[in-house]
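Shown below: input-v2.txt, with compact mmCIF, C-alpha atoms and all ligand atoms.
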# COMPACT_ATOMS: atom_id res chain seq x y z
CA MET X 61 -7.78 -8.12 25.09
CA ARG X 62 -8.64 -10.96 22.73
CA GLU X 63 -5.58 -12.93 21.57
CA LEU X 64 -5.38 -13.08 17.78
CA ARG X 65 -3.79 -16.07 16.01
CA GLY X 66 -2.76 -15.20 12.48
CA ALA X 67 -1.41 -17.19 9.53
CA LEU X 68 0.76 -15.76 6.75
CA ILE X 69 0.74 -16.78 3.09
CA GLY X 70 3.76 -15.76 1.00
CA CYS X 71 7.22 -15.76 2.63
CA GLY X 72 8.91 -13.48 0.11
CA PHE X 73 10.77 -10.19 0.03
CA PHE X 74 8.25 -7.93 1.77
CA ALA X 75 6.60 -10.42 4.16
CA ARG X 76 9.63 -10.25 6.43
CA ASN X 77 8.55 -6.70 7.38
CA GLN X 78 5.05 -7.95 8.08
CA MET X 79 6.40 -10.71 10.33
CA HIS X 80 8.56 -8.26 12.30
CA ALA X 81 5.59 -5.93 12.68
CA TRP X 82 3.28 -8.69 13.94
CA ALA X 83 5.91 -9.66 16.51
CA GLY X 84 5.70 -6.13 17.94
CA ILE X 85 1.90 -5.97 18.28
CA PRO X 86 0.65 -7.05 21.73
CA GLY X 87 -1.78 -9.96 21.72
CA VAL X 88 -1.08 -11.03 18.11
CA SER X 89 0.96 -14.03 17.06
CA ILE X 90 1.60 -15.65 13.70
CA VAL X 91 1.06 -19.36 14.34
CA ALA X 92 1.48 -20.78 10.82
CA LEU X 93 3.23 -19.97 7.55
CA CYS X 94 2.66 -20.95 3.96
CA ASP X 95 4.71 -20.65 0.77
CA ARG X 96 4.82 -22.79 -2.33
CA ASP X 97 8.58 -22.45 -2.19
CA ALA X 98 9.80 -24.76 0.59
CA ALA X 99 13.17 -23.01 0.96
CA ARG X 100 11.58 -19.59 1.52
CA LEU X 101 9.06 -21.16 3.88
CA ASP X 102 11.76 -22.73 6.02
CA ASP X 103 13.86 -19.61 5.99
CA MET X 104 10.97 -17.54 7.34
CA GLY X 105 9.95 -20.28 9.77
CA GLU X 106 13.45 -20.42 11.23
CA SER X 107 13.82 -16.61 11.41
CA PHE X 108 10.58 -16.19 13.36
CA ALA X 109 10.39 -19.56 15.16
CA VAL X 110 7.14 -20.67 13.53
CA ALA X 111 6.98 -24.46 13.43
CA ALA X 112 3.68 -24.94 11.55
CA ARG X 113 4.68 -24.69 7.88
CA PHE X 114 2.60 -25.50 4.81
CA THR X 115 3.13 -25.39 1.06
CA ASP X 116 -0.63 -25.43 0.46
CA ALA X 117 -2.75 -22.50 1.66
CA ALA X 118 -6.05 -24.41 1.79
CA ALA X 119 -4.47 -27.16 3.90
CA MET X 120 -3.05 -24.56 6.29
CA LEU X 121 -6.28 -22.60 6.74
CA ARG X 122 -8.40 -25.76 7.18
CA GLU X 123 -6.04 -27.25 9.74
CA VAL X 124 -5.02 -24.14 11.70
CA ARG X 125 -8.30 -22.15 11.55
CA PRO X 126 -6.52 -18.84 12.36
CA ASP X 127 -8.36 -15.70 13.51
CA PHE X 128 -7.06 -13.98 10.37
CA VAL X 129 -4.86 -14.60 7.35
CA ASP X 130 -2.22 -12.20 6.06
CA ILE X 131 -1.83 -12.65 2.29
CA ALA X 132 1.62 -11.38 1.25
CA THR X 133 1.82 -12.93 -2.21
CA THR X 134 1.85 -11.03 -5.53
CA ALA X 135 -1.39 -9.98 -7.23
CA PRO X 136 -2.10 -12.94 -9.56
CA SER X 137 -2.75 -15.22 -6.55
CA HIS X 138 -4.85 -12.76 -4.51
CA ARG X 139 -8.35 -13.58 -5.76
CA ALA X 140 -8.09 -17.32 -5.17
CA LEU X 141 -6.59 -16.81 -1.70
CA VAL X 142 -9.11 -14.18 -0.57
CA GLU X 143 -12.00 -16.32 -1.84
CA LEU X 144 -10.51 -19.30 -0.01
CA ALA X 145 -10.40 -17.28 3.23
CA ALA X 146 -13.99 -16.08 2.69
CA SER X 147 -15.18 -19.66 2.09
CA LEU X 148 -13.75 -20.61 5.50
CA ALA X 149 -15.05 -17.42 7.20
CA ILE X 150 -11.49 -16.27 7.96
CA PRO X 151 -10.86 -12.48 8.02
CA ALA X 152 -8.19 -11.51 5.49
CA ILE X 153 -5.57 -8.87 4.83
CA CYS X 154 -4.42 -8.76 1.23
CA GLN X 155 -1.30 -7.03 -0.09
CA LYS X 156 -1.55 -4.39 -2.80
CA PRO X 157 -2.09 -4.34 -5.75
CA PHE X 158 -5.37 -5.85 -4.54
CA ALA X 159 -6.06 -7.63 -7.86
CA PRO X 160 -4.96 -7.64 -11.51
CA THR X 161 -8.43 -6.52 -12.70
CA MET X 162 -11.43 -4.60 -11.34
CA ASP X 163 -13.64 -7.67 -11.95
CA ASP X 164 -11.40 -9.76 -9.69
CA ALA X 165 -11.31 -7.04 -7.03
CA ARG X 166 -15.09 -6.61 -7.00
CA ALA X 167 -15.56 -10.39 -6.78
CA MET X 168 -13.18 -10.51 -3.79
CA VAL X 169 -15.04 -7.74 -1.96
CA GLU X 170 -18.39 -9.41 -2.68
CA ALA X 171 -17.15 -12.83 -1.53
CA CYS X 172 -16.05 -11.39 1.83
CA GLU X 173 -19.18 -9.28 2.27
CA ARG X 174 -21.41 -12.31 1.50
CA ALA X 175 -19.49 -14.34 4.07
CA GLY X 176 -19.56 -11.47 6.60
CA VAL X 177 -15.75 -11.56 6.73
CA PRO X 178 -13.57 -8.45 7.29
CA LEU X 179 -11.19 -7.68 4.43
CA MET X 180 -8.39 -5.10 4.49
CA VAL X 181 -5.96 -4.21 1.72
CA HIS X 182 -2.41 -3.70 2.99
CA GLU X 183 -2.34 -0.15 1.56
CA ASN X 184 0.21 1.14 4.02
CA PHE X 185 1.55 4.38 2.51
CA ARG X 186 -1.24 6.49 4.02
CA TRP X 187 -0.10 5.11 7.40
CA GLN X 188 3.36 6.70 7.12
CA SER X 189 3.70 9.04 10.08
CA PRO X 190 4.92 12.01 7.93
CA ILE X 191 1.83 11.64 5.70
CA ARG X 192 -0.41 11.54 8.78
CA ALA X 193 1.28 14.70 10.06
CA VAL X 194 0.33 16.41 6.77
CA ARG X 195 -3.25 15.23 7.07
CA ARG X 196 -3.54 16.45 10.67
CA CYS X 197 -2.25 19.83 9.60
CA LEU X 198 -4.68 20.02 6.67
CA ALA X 199 -7.61 18.96 8.88
CA SER X 200 -6.74 21.64 11.47
CA GLY X 201 -7.86 24.27 8.95
CA GLU X 202 -4.62 26.19 9.46
CA ILE X 203 -4.09 26.73 5.71
CA GLY X 204 -7.76 27.34 4.92
CA ALA X 205 -9.48 25.64 1.98
CA PRO X 206 -7.08 23.67 -0.26
CA PHE X 207 -7.06 24.60 -3.96
CA PHE X 208 -4.00 22.64 -5.16
CA GLY X 209 -2.27 19.43 -4.15
CA ARG X 210 0.71 17.43 -5.30
CA VAL X 211 1.84 13.95 -4.27
CA SER X 212 5.26 13.22 -5.70
CA PHE X 213 7.59 10.19 -5.62
CA ARG X 214 10.72 10.52 -7.77
CA SER X 215 13.72 8.24 -7.43
CA ALA X 216 16.31 6.15 -9.25
CA TYR X 217 16.53 3.50 -6.52
CA ASP X 218 17.16 -0.01 -7.84
CA VAL X 219 13.86 -1.60 -6.82
CA TYR X 220 14.41 -4.40 -9.34
CA ALA X 221 17.20 -5.93 -7.22
CA GLY X 222 14.84 -6.92 -4.38
CA GLN X 223 11.74 -7.38 -6.54
CA PRO X 224 12.87 -8.73 -9.95
CA TYR X 225 9.24 -9.23 -11.09
CA LEU X 226 8.86 -5.44 -11.24
CA ALA X 227 11.07 -5.36 -14.36
CA GLU X 228 9.08 -8.09 -16.09
CA GLY X 229 5.44 -6.98 -16.06
CA GLU X 230 3.72 -5.11 -18.88
CA ARG X 231 2.59 -2.66 -16.19
CA PHE X 232 4.98 -1.25 -13.63
CA ILE X 233 5.04 2.07 -11.87
CA VAL X 234 1.36 3.05 -11.75
CA GLU X 235 0.35 -0.42 -10.56
CA ASP X 236 3.19 -0.88 -8.08
CA LEU X 237 4.06 2.56 -6.70
CA GLY X 238 1.58 5.00 -8.24
CA ILE X 239 -1.17 3.01 -6.52
CA HIS X 240 0.22 4.19 -3.16
CA ALA X 241 0.56 7.80 -4.29
CA LEU X 242 -2.99 7.76 -5.70
CA ASP X 243 -4.24 6.38 -2.40
CA ILE X 244 -2.45 9.18 -0.53
CA ALA X 245 -4.14 11.71 -2.85
CA ARG X 246 -7.54 10.18 -1.97
CA PHE X 247 -6.62 10.17 1.73
CA LEU X 248 -5.65 13.86 1.70
CA PHE X 249 -7.92 15.40 -0.94
CA GLY X 250 -10.89 13.03 -1.18
CA ASP X 251 -12.39 10.98 -3.98
CA VAL X 252 -11.75 11.61 -7.64
CA THR X 253 -14.15 12.41 -10.48
CA ARG X 254 -11.68 12.47 -13.36
CA ILE X 255 -8.13 11.35 -14.09
CA THR X 256 -5.72 12.23 -16.88
CA ALA X 257 -2.52 10.20 -17.04
CA ARG X 258 0.55 10.15 -19.23
CA THR X 259 3.21 7.45 -18.88
CA ARG X 260 6.51 6.47 -20.44
CA ARG X 261 9.35 4.03 -20.11
CA VAL X 262 12.81 5.54 -19.69
CA ASN X 263 14.81 2.52 -18.47
CA PRO X 264 15.32 0.26 -21.53
CA ARG X 265 15.98 -2.81 -19.34
CA ILE X 266 12.43 -3.06 -18.00
CA ARG X 267 9.17 -3.94 -19.75
CA GLY X 268 6.63 -1.56 -18.24
CA GLU X 269 6.41 2.20 -17.69
CA ASP X 270 8.68 3.77 -15.08
CA VAL X 271 7.35 7.35 -15.26
CA ALA X 272 3.78 8.56 -14.75
CA THR X 273 2.25 12.02 -14.49
CA MET X 274 -1.39 12.18 -13.41
CA LEU X 275 -3.92 14.98 -12.97
CA LEU X 276 -6.84 14.28 -10.65
CA ASP X 277 -10.11 16.24 -10.35
CA HIS X 278 -11.45 15.81 -6.82
CA GLU X 279 -15.08 15.80 -5.66
CA ALA X 280 -14.03 18.66 -3.37
CA GLY X 281 -13.74 20.89 -6.46
CA PHE X 282 -9.99 21.26 -6.94
CA ALA X 283 -7.27 19.38 -8.81
CA SER X 284 -4.12 17.62 -7.69
CA VAL X 285 -1.06 16.24 -9.46
CA VAL X 286 0.30 12.80 -8.67
CA ASP X 287 3.68 12.16 -10.26
CA CYS X 288 6.02 9.24 -9.88
CA SER X 289 9.25 8.08 -11.47
CA TYR X 290 11.89 5.42 -10.99
CA ALA X 291 14.09 7.09 -13.62
CA THR X 292 14.94 10.28 -11.74
CA ARG X 293 18.56 10.66 -10.67
CA LEU X 294 18.86 13.38 -8.02
CA GLU X 295 21.73 14.80 -6.05
CA THR X 296 20.28 13.07 -2.98
CA GLU X 297 18.38 9.82 -3.49
CA ARG X 298 15.02 10.20 -1.74
CA PHE X 299 13.72 6.64 -1.83
CA PRO X 300 11.16 5.90 -0.44
CA GLN X 301 9.98 9.39 0.45
CA THR X 302 6.71 10.80 -0.83
CA LEU X 303 6.78 14.58 -1.05
CA ILE X 304 3.61 16.62 -0.64
CA GLU X 305 2.58 20.14 -1.62
CA ILE X 306 -0.74 21.67 -0.62
CA ASP X 307 -1.78 25.25 -1.31
CA GLY X 308 -4.76 26.63 0.60
CA SER X 309 -6.64 29.91 0.81
CA GLU X 310 -4.76 30.88 4.01
CA GLY X 311 -1.38 29.22 3.53
CA THR X 312 0.64 26.23 2.40
CA ILE X 313 1.93 22.86 3.58
CA ARG X 314 5.11 21.31 2.22
CA LEU X 315 6.50 17.89 3.10
CA ASP X 316 10.01 18.10 1.68
CA GLU X 317 13.03 15.86 1.37
CA GLY X 318 14.33 14.64 4.71
CA TYR X 319 10.82 14.59 6.24
CA ARG X 320 10.82 18.36 6.72
CA LEU X 321 7.34 19.74 7.22
CA THR X 322 6.88 23.44 6.53
CA VAL X 323 3.58 25.13 7.27
CA THR X 324 2.95 28.71 6.31
CA GLY X 325 -0.20 30.34 7.61
CA PRO X 326 -1.53 33.80 8.40
CA ASP X 327 0.85 34.03 11.40
CA GLY X 328 4.04 33.04 9.54
CA THR X 329 5.99 29.86 8.92
CA ARG X 330 6.87 26.97 11.20
CA HIS X 331 9.13 23.98 10.54
CA GLU X 332 8.80 20.53 12.01
CA ASP X 333 10.92 17.40 11.68
CA VAL X 334 8.40 14.63 11.05
CA SER X 335 10.98 11.86 10.51
CA PRO X 336 9.56 8.41 11.18
CA PRO X 337 11.10 6.48 14.07
CA LEU X 338 13.66 3.77 13.28
CA LEU X 339 11.99 0.66 14.72
CA PRO X 340 14.40 -1.88 16.29
CA TRP X 341 14.09 -4.28 13.34
CA ALA X 342 14.00 -1.61 10.63
CA SER X 343 16.78 -0.33 8.39
CA ARG X 344 17.30 2.86 6.41
CA PRO X 345 16.05 3.93 3.93
CA TRP X 346 13.10 1.50 4.27
CA HIS X 347 12.28 2.52 7.88
CA ASN X 348 9.52 4.87 6.76
CA ILE X 349 7.70 2.06 4.95
CA GLN X 350 8.47 -0.38 7.75
CA GLU X 351 6.88 1.89 10.35
CA SER X 352 3.77 2.20 8.18
CA VAL X 353 3.54 -1.61 8.07
CA ALA X 354 3.59 -1.73 11.88
CA LEU X 355 0.91 0.98 12.05
CA ILE X 356 -1.48 -0.54 9.50
CA GLN X 357 -1.20 -3.97 11.09
CA ALA X 358 -1.89 -2.52 14.56
CA HIS X 359 -4.94 -0.81 13.00
CA TRP X 360 -6.12 -4.18 11.62
CA ALA X 361 -5.80 -5.87 15.03
CA GLN X 362 -7.72 -3.04 16.66
CA ALA X 363 -10.46 -3.06 13.97
CA LEU X 364 -10.78 -6.84 14.11
CA ARG X 365 -11.21 -6.81 17.88
CA ALA X 366 -13.66 -3.88 17.77
CA GLY X 367 -15.63 -5.25 14.81
CA THR X 368 -15.14 -2.00 12.85
CA GLU X 369 -14.27 -1.57 9.16
CA PRO X 370 -10.55 -0.95 8.59
CA ASP X 371 -9.70 2.34 6.83
CA THR X 372 -8.30 0.60 3.76
CA SER X 373 -11.03 -2.05 3.54
CA GLY X 374 -11.44 -4.01 0.32
CA ARG X 375 -14.42 -1.81 -0.55
CA ASP X 376 -12.44 1.40 0.03
CA ASN X 377 -9.56 0.08 -2.02
CA LEU X 378 -11.80 -0.48 -5.07
CA LYS X 379 -11.64 3.31 -5.52
CA THR X 380 -7.84 3.36 -5.43
CA LEU X 381 -7.61 0.39 -7.80
CA ALA X 382 -10.09 2.09 -10.16
CA LEU X 383 -7.70 5.06 -10.33
CA VAL X 384 -4.89 2.71 -11.40
CA GLU X 385 -7.05 1.10 -14.07
CA ALA X 386 -8.32 4.48 -15.27
CA ALA X 387 -4.76 5.84 -15.39
CA TYR X 388 -3.70 3.05 -17.76
CA LEU X 389 -6.78 3.58 -19.95
CA SER X 390 -6.20 7.34 -19.99
CA ALA X 391 -2.52 6.94 -20.89
CA ALA X 392 -3.28 4.42 -23.66
CA ALA X 393 -5.97 6.59 -25.26
CA GLY X 394 -4.37 9.98 -24.56
CA SER X 395 -7.69 10.92 -22.95
CA SER X 396 -9.11 11.60 -19.50
CA LEU X 397 -11.84 9.62 -17.80
CA ASP X 398 -14.11 9.15 -14.80
CA PRO X 399 -12.62 6.41 -12.57
CA ARG X 400 -16.11 5.52 -11.35
CA GLU X 401 -16.84 4.16 -14.83
CA VAL X 402 -14.04 1.58 -15.05
P1 LIG N 1 7.90 -12.14 -3.62
O1 LIG N 1 7.76 -12.72 -4.99
O2 LIG N 1 9.26 -11.90 -3.06
O3 LIG N 1 7.12 -13.06 -2.56
C1 LIG N 1 5.88 -13.66 -2.82
C2 LIG N 1 5.91 -15.07 -2.24
O4 LIG N 1 4.60 -15.62 -2.35
C3 LIG N 1 6.86 -16.02 -2.98
O5 LIG N 1 7.74 -16.61 -2.05
C4 LIG N 1 5.91 -17.06 -3.62
O6 LIG N 1 6.46 -18.35 -3.66
C5 LIG N 1 4.71 -17.00 -2.70
N1 LIG N 1 3.43 -17.41 -3.31
C6 LIG N 1 2.87 -16.91 -4.44
N2 LIG N 1 1.66 -17.49 -4.65
C7 LIG N 1 1.47 -18.36 -3.62
C8 LIG N 1 0.40 -19.24 -3.27
N3 LIG N 1 -0.70 -19.34 -4.01
N4 LIG N 1 0.54 -19.98 -2.15
C9 LIG N 1 1.66 -19.89 -1.39
N5 LIG N 1 2.69 -19.06 -1.67
C10 LIG N 1 2.59 -18.32 -2.77
O7 LIG N 1 7.03 -10.81 -3.64
P2 LIG N 1 7.20 -9.51 -2.70
O8 LIG N 1 8.17 -8.59 -3.33
O9 LIG N 1 7.37 -9.91 -1.29
O10 LIG N 1 5.76 -8.83 -2.91
C11 LIG N 1 4.59 -9.44 -2.42
C12 LIG N 1 3.47 -8.42 -2.49
O11 LIG N 1 3.81 -7.34 -1.62
C13 LIG N 1 3.30 -7.80 -3.88
O12 LIG N 1 1.92 -7.72 -4.18
C14 LIG N 1 3.94 -6.43 -3.77
O13 LIG N 1 3.32 -5.46 -4.59
C15 LIG N 1 3.68 -6.12 -2.32
N6 LIG N 1 4.62 -5.15 -1.75
C16 LIG N 1 4.09 -4.17 -0.98
C17 LIG N 1 4.88 -3.20 -0.44
C18 LIG N 1 4.24 -2.15 0.41
O14 LIG N 1 4.88 -1.19 0.83
N7 LIG N 1 2.95 -2.30 0.72
C19 LIG N 1 6.26 -3.21 -0.68
C20 LIG N 1 6.81 -4.25 -1.46
C21 LIG N 1 5.97 -5.22 -1.98

Could I get this structure in the form of structure tokens?
Amino acid sequence: MRELRGALIGCGFFARNQMHAWAGIPGVSIVALCDRDAARLDDMGESFAVAARFTDAAAMLREVRPDFVDIATTAPSHRALVELAASLAIPAICQKPFAPTMDDARAMVEACERAGVPLMVHENFRWQSPIRAVRRCLASGEIGAPFFGRVSFRSAYDVYAGQPYLAEGERFIVEDLGIHALDIARFLFGDVTRITARTRRVNPRIRGEDVATMLLDHEAGFASVVDCSYATRLETERFPQTLIEIDGSEGTIRLDEGYRLTVTGPDGTRHEDVSPPLLPWASRPWHNIQESVALIQAHWAQALRAGTEPDTSGRDNLKTLALVEAAYLSAAAGSSLDPREV
């Protein structure tokens, strides 16, 4: 097995999960770190015993020449960093949201394709084991042909405490969380021909929208609903669970609160506990997301070694990002539109 030496850019809130996950993947090591903020850089360096620390990404990549770079910064920096990696022929993983605009995202994909460099977006929600259990069940044909789907994420969890920038942007829930739910809808139901979105802000202390309701028409000929909210107080807080409903010609699939999978088919109903494992470094309630980080990063290592395209490649993610952009356009105009035209 080829040893892979990685470098990480962005030592912030979420990157800690990425560092723990790399440490658990055989044959992969993070050999250098970069952050503009020296205190964060040192903190991460000390936590994970990485001595090579840089405040300048170009200096790090030129000196260390890693086998890949893991970009864990926020979206405004992504284009410059991905283009930097491409210019040095270094394969790159880039956190979501991939880019602030479609033009930036397309330029990033083109830069990597021109350089022949693999590019994966860290779109990890479809790697959650409960979501994969739903997909396996759907693919088995047990419920027949699907005619309705719903991907739902409703919570009142204080995400702003760990990620204060989420309260400050003009855009919030579709770009930050809806993007994952839209990607899950693509993963389960296929690509989208039309989207209708309505958004609103309920929490007066934030700038962007914290509620979104979206209707997707799929190429497969049926519609699904993707709904998300960070303004929904429930008896039991579900963060960060995504709930799924699928109705098919022969039965139904439900992924309910508490990772309970219920499948009803011609022969009756069965229940399964599809709770994600609690990895040694993980903590509740984030363990579901944390496991998906470990799984997507293991997928990247495997794809990089095999020379195959990762599932959530930059090119694939253009379709998810187009749904985000189209959702904002649809909500602003009160219309519906074809995401392939944005
Ligand atoms: P953060 O602000 O806590 O951390 C980002 C870090 O990047 C900061 O320390 C900053 O100094 C550094 N940085 C920014 N630009 C840089 C540059 N050009 N060079 C070097 N360092 C630079 O942000 P976060 O909350 O960790 O989020 C990072 C990204 O992860 C965001 O895009 C966010 O949407 C994403 N995220 C993904 C998930 C998921 O489940 N996939 C969950 C949370 C956050």

**OP:** May I have the residues within 9 Å of Pro337 of chain X as JSON, numbers by chain, using all atoms listed in the file and disregarding those fewer than 3 positions away in the same chain?
**Re:** {"X": [189, 347, 348, 351]}

Original post:
Which residue, X:Phe108, X:Phe232, X:Phe128, X:Phe213, has the smallest gap to ligand LIG 1 (chain N) when you use all atoms listed in the file?
Top reply: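 Checking each candidate against ligand LIG 1 (chain N), we get X:Phe232 as the closest.
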
Can you tell me which residues come within 7 Å of ligand LIG 1 (chain N) when counting only C-alpha atoms and all ligand atoms, ideally as an mmCIF file with C-alpha atoms, in the frame of the given file?
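Saved the output as out_8.cif:
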data_model
loop_
_atom_site.group_PDB
_atom_site.id
_atom_site.type_symbol
_atom_site.label_atom_id
_atom_site.label_comp_id
_atom_site.auth_asym_id
_atom_site.auth_seq_id
_atom_site.Cartn_x
_atom_site.Cartn_y
_atom_site.Cartn_z
ATOM 1 C CA ILE X 69 0.740 -16.780 3.090
ATOM 2 C CA GLY X 70 3.760 -15.760 1.000
ATOM 3 C CA CYS X 71 7.220 -15.760 2.630
ATOM 4 C CA GLY X 72 8.910 -13.480 0.110
ATOM 5 C CA PHE X 73 10.770 -10.190 0.030
ATOM 6 C CA PHE X 74 8.250 -7.930 1.770
ATOM 7 C CA ALA X 75 6.600 -10.420 4.160
ATOM 8 C CA CYS X 94 2.660 -20.950 3.960
ATOM 9 C CA ASP X 95 4.710 -20.650 0.770
ATOM 10 C CA ARG X 96 4.820 -22.790 -2.330
ATOM 11 C CA ASP X 97 8.580 -22.450 -2.190
ATOM 12 C CA ARG X 100 11.580 -19.590 1.520
ATOM 13 C CA THR X 115 3.130 -25.390 1.060
ATOM 14 C CA ASP X 116 -0.630 -25.430 0.460
ATOM 15 C CA ALA X 117 -2.750 -22.500 1.660
ATOM 16 C CA ALA X 132 1.620 -11.380 1.250
ATOM 17 C CA THR X 133 1.820 -12.930 -2.210
ATOM 18 C CA THR X 134 1.850 -11.030 -5.530
ATOM 19 C CA ALA X 135 -1.390 -9.980 -7.230
ATOM 20 C CA SER X 137 -2.750 -15.220 -6.550
ATOM 21 C CA LEU X 141 -6.590 -16.810 -1.700
ATOM 22 C CA GLN X 155 -1.300 -7.030 -0.090
ATOM 23 C CA LYS X 156 -1.550 -4.390 -2.800
ATOM 24 C CA PRO X 157 -2.090 -4.340 -5.750
ATOM 25 C CA HIS X 182 -2.410 -3.700 2.990
ATOM 26 C CA GLU X 183 -2.340 -0.150 1.560
ATOM 27 C CA ASN X 184 0.210 1.140 4.020
ATOM 28 C CA PHE X 185 1.550 4.380 2.510
ATOM 29 C CA GLY X 222 14.840 -6.920 -4.380
ATOM 30 C CA GLN X 223 11.740 -7.380 -6.540
ATOM 31 C CA ASP X 236 3.190 -0.880 -8.080
ATOM 32 C CA ILE X 349 7.700 2.060 4.950
#

**OP:** Name the residues in contact with Val353 of chain X at a cut-off of 8 Å, using only C-alpha atoms, excluding same-chain residues fewer than 6 positions from it; report them as an MDAnalysis selection string.
**Re:** chainID X and resid 77:78 81 184 187

Subject >> Å distance separating atom CA of Ala175 of chain X from atom CA of Pro370 of chain X, one decimal place >> reply: 16.7 Å
